[in-house]
Amino acid sequence: MLKASDVMVTNPICVTTKVTVYEAVKVMEKHNIASLIVVDENGIVYGVVTAKDIVIRVLAKGLDPKSVKISEILSRPVTVVESDTPLKDVVNLMIGTGHGHVPVVNKAGKVLGIITIDDVLKYVPELLEYVEIRK
């Protein structure tokens, strides 16, 4: 059975709650990513911010990305899973919460990785082939 640890991207890019939206966007641009895990001063997951959050909660409202803190616009509560969570459960959480970016954490809440919809989709062809073989 596939687990979160099998599909997660390890060492995901994180920012702290203190950065501005502009600084977060520059990090996203540098790493060519569409989301960031936001952590508190202890490295515990505080939330997730996506490019969509930035467009809807900052740009569409005419706010200045250089003056808005990322903590003001991130998505909370955040859905997290542990590395041994079955992938099926991760997908069901994504569907149930509408969160397409799910941090993978250890027991202490520190980031180990992230799973996105795109990460899950990479396994769909193989799973579909498996289903067809079983018919």
# chains A, B, ... in the order shown; residues from 1 in each chain; ligands from 1
call {"tool": "residues_around", "arguments": {"residues": "range 61-72 of chain A", "least_positions_apart": "4", "cutoff": "8 Å", "atoms": "only C-alpha atoms", "output": "MDAnalysis selection string"}}
result
chainID A and resid 17:24 38 49 56:57
call {"tool": "write_last_selection", "arguments": {"atoms": "N, CA and C atoms", "output": "compact mmCIF listing (two decimals), in the first residue's frame"}}
result
# COMPACT_ATOMS: atom_id res chain seq x y z
N THR A 17 6.21 32.89 9.30
CA THR A 17 5.02 33.74 9.34
C THR A 17 5.36 35.22 9.19
N LYS A 18 6.62 35.56 9.36
CA LYS A 18 7.03 36.97 9.36
C LYS A 18 7.30 37.57 7.97
N VAL A 19 7.42 36.72 6.93
CA VAL A 19 7.73 37.25 5.61
C VAL A 19 6.52 37.95 4.99
N THR A 20 6.81 38.86 4.08
CA THR A 20 5.73 39.53 3.36
C THR A 20 5.29 38.66 2.18
N VAL A 21 4.15 38.99 1.63
CA VAL A 21 3.67 38.28 0.45
C VAL A 21 4.68 38.44 -0.68
N TYR A 22 5.23 39.62 -0.84
CA TYR A 22 6.23 39.85 -1.89
C TYR A 22 7.43 38.93 -1.72
N GLU A 23 7.93 38.82 -0.50
CA GLU A 23 9.08 37.94 -0.25
C GLU A 23 8.71 36.48 -0.55
N ALA A 24 7.50 36.09 -0.19
CA ALA A 24 7.05 34.72 -0.47
C ALA A 24 6.97 34.47 -1.98
N VAL A 38 4.11 27.43 5.49
CA VAL A 38 4.46 28.50 6.41
C VAL A 38 4.63 27.88 7.79
N VAL A 49 0.33 28.54 1.94
CA VAL A 49 -0.10 29.61 1.05
C VAL A 49 0.16 29.17 -0.39
N ILE A 56 -6.11 35.90 -5.10
CA ILE A 56 -7.45 36.24 -4.61
C ILE A 56 -7.42 37.17 -3.39
N ARG A 57 -6.49 36.91 -2.48
CA ARG A 57 -6.52 37.65 -1.20
C ARG A 57 -5.65 38.89 -1.16
call {"tool": "residues_around", "arguments": {"residues": "Leu112 in chain A", "least_positions_apart": "6", "cutoff": "8 Å", "atoms": "only C-alpha atoms", "output": "mmCIF file with C-alpha atoms, in the first residue's frame"}}
result
data_model
loop_
_atom_site.group_PDB
_atom_site.id
_atom_site.type_symbol
_atom_site.label_atom_id
_atom_site.label_comp_id
_atom_site.auth_asym_id
_atom_site.auth_seq_id
_atom_site.Cartn_x
_atom_site.Cartn_y
_atom_site.Cartn_z
ATOM 1 C CA THR A 10 11.003 15.854 0.601
ATOM 2 C CA ASN A 11 12.616 19.011 1.937
ATOM 3 C CA PRO A 12 9.848 21.333 0.746
ATOM 4 C CA SER A 83 4.514 9.951 6.685
ATOM 5 C CA PRO A 103 2.274 19.038 4.422
ATOM 6 C CA VAL A 104 3.702 15.777 5.746
ATOM 7 C CA VAL A 105 4.895 16.157 9.322
ATOM 8 C CA ASN A 106 6.550 14.143 12.061
#
call {"tool": "closest_residue", "arguments": {"among": "A:Ile13, A:Val27, A:Leu59, A:Val39", "to": "Gly109 in chain A", "atoms": "only C-alpha atoms"}}
result
A:Val39
call {"tool": "closest_residue", "arguments": {"among": "A:Lys3, A:Lys122, A:Lys107, A:His99", "to": "Ser35 in chain A", "atoms": "only C-alpha atoms"}}
result
A:His99
call {"tool": "residues_around", "arguments": {"residues": "His101 in chain A", "least_positions_apart": "6", "cutoff": "7 Å", "atoms": "only C-alpha atoms", "output": "ChimeraX atom specification"}}
result
/A:114-117
call {"tool": "select_by_dssp", "arguments": {"residues": "range 5-92 of chain A", "states": "helix (DSSP H, G or I)", "output": "PyMOL selection string"}}
result
chain A and resi 5-7+21-31+51-57+59-61+70-72+87-92
call {"tool": "write_last_selection", "arguments": {"atoms": "C-alpha atoms", "output": "PDB file, in the first residue's frame"}}
result
ATOM      1  CA  SER A   5       6.198   9.010   2.403  1.00  0.00           C
ATOM      2  CA  ASP A   6       6.157   7.217  -0.979  1.00  0.00           C
ATOM      3  CA  VAL A   7       4.782  10.199  -2.908  1.00  0.00           C
ATOM      4  CA  VAL A  21       3.668  38.284   0.447  1.00  0.00           C
ATOM      5  CA  TYR A  22       6.225  39.855  -1.889  1.00  0.00           C
ATOM      6  CA  GLU A  23       9.079  37.942  -0.249  1.00  0.00           C
ATOM      7  CA  ALA A  24       7.048  34.725  -0.470  1.00  0.00           C
ATOM      8  CA  VAL A  25       6.354  35.301  -4.169  1.00  0.00           C
ATOM      9  CA  LYS A  26      10.069  35.784  -4.814  1.00  0.00           C
ATOM     10  CA  VAL A  27      10.771  32.438  -3.086  1.00  0.00           C
ATOM     11  CA  MET A  28       8.060  30.758  -5.184  1.00  0.00           C
ATOM     12  CA  GLU A  29       9.529  32.272  -8.346  1.00  0.00           C
ATOM     13  CA  LYS A  30      13.073  31.210  -7.463  1.00  0.00           C
ATOM     14  CA  HIS A  31      12.030  27.600  -6.879  1.00  0.00           C
ATOM     15  CA  ALA A  51      -0.398  31.233  -5.717  1.00  0.00           C
ATOM     16  CA  LYS A  52      -4.212  31.231  -5.831  1.00  0.00           C
ATOM     17  CA  ASP A  53      -4.355  32.592  -2.260  1.00  0.00           C
ATOM     18  CA  ILE A  54      -2.053  35.432  -3.274  1.00  0.00           C
ATOM     19  CA  VAL A  55      -4.064  36.310  -6.369  1.00  0.00           C
ATOM     20  CA  ILE A  56      -7.454  36.241  -4.613  1.00  0.00           C
ATOM     21  CA  ARG A  57      -6.518  37.645  -1.197  1.00  0.00           C
ATOM     22  CA  LEU A  59      -3.801  41.174  -5.873  1.00  0.00           C
ATOM     23  CA  ALA A  60      -7.540  41.069  -6.591  1.00  0.00           C
ATOM     24  CA  LYS A  61      -8.115  43.354  -3.579  1.00  0.00           C
ATOM     25  CA  ILE A  70       2.008  36.018   4.601  1.00  0.00           C
ATOM     26  CA  SER A  71       0.399  35.109   7.938  1.00  0.00           C
ATOM     27  CA  GLU A  72      -2.517  37.413   7.040  1.00  0.00           C
ATOM     28  CA  LEU A  87      -2.168   7.544   0.228  1.00  0.00           C
ATOM     29  CA  LYS A  88      -5.864   6.676  -0.051  1.00  0.00           C
ATOM     30  CA  ASP A  89      -6.474   8.582   3.192  1.00  0.00           C
ATOM     31  CA  VAL A  90      -4.415  11.540   1.948  1.00  0.00           C
ATOM     32  CA  VAL A  91      -6.508  11.708  -1.229  1.00  0.00           C
ATOM     33  CA  ASN A  92      -9.728  11.485   0.778  1.00  0.00           C
TER      34      ASN A  92
END
call {"tool": "atom_distance", "arguments": {"atom1": "CA of Thr97 in chain A", "atom2": "CA of Ile33 in chain A"}}
result
21.3 Å
call {"tool": "closest_residue", "arguments": {"among": "A:Ile133, A:Val102, A:Val15, A:Val80", "to": "Asp119 in chain A", "atoms": "only C-alpha atoms"}}
result
A:Val102
call {"tool": "closest_residue", "arguments": {"among": "A:Asp40, A:Glu129, A:Asp118, A:Asp84", "to": "Gly100 in chain A", "atoms": "only C-alpha atoms"}}
result
A:Asp118
call {"tool": "closest_residue", "arguments": {"among": "A:Ile95, A:Val45, A:Met1, A:Val58", "to": "Pro77 in chain A", "atoms": "only C-alpha atoms"}}
result
A:Val45
call {"tool": "atom_distance", "arguments": {"atom1": "CA of Tyr46 in chain A", "atom2": "CA of Val78 in chain A"}}
result
7.2 Å
call {"tool": "select_by_dssp", "arguments": {"residues": "range 70-113 of chain A", "states": "strand (DSSP E or B)", "output": "list in words"}}
result
Ser75, Val81, Glu82, Pro86, His101, Val102, Pro103, Val104, Val105, Lys110, Val111, Leu112 and Gly113 of chain A
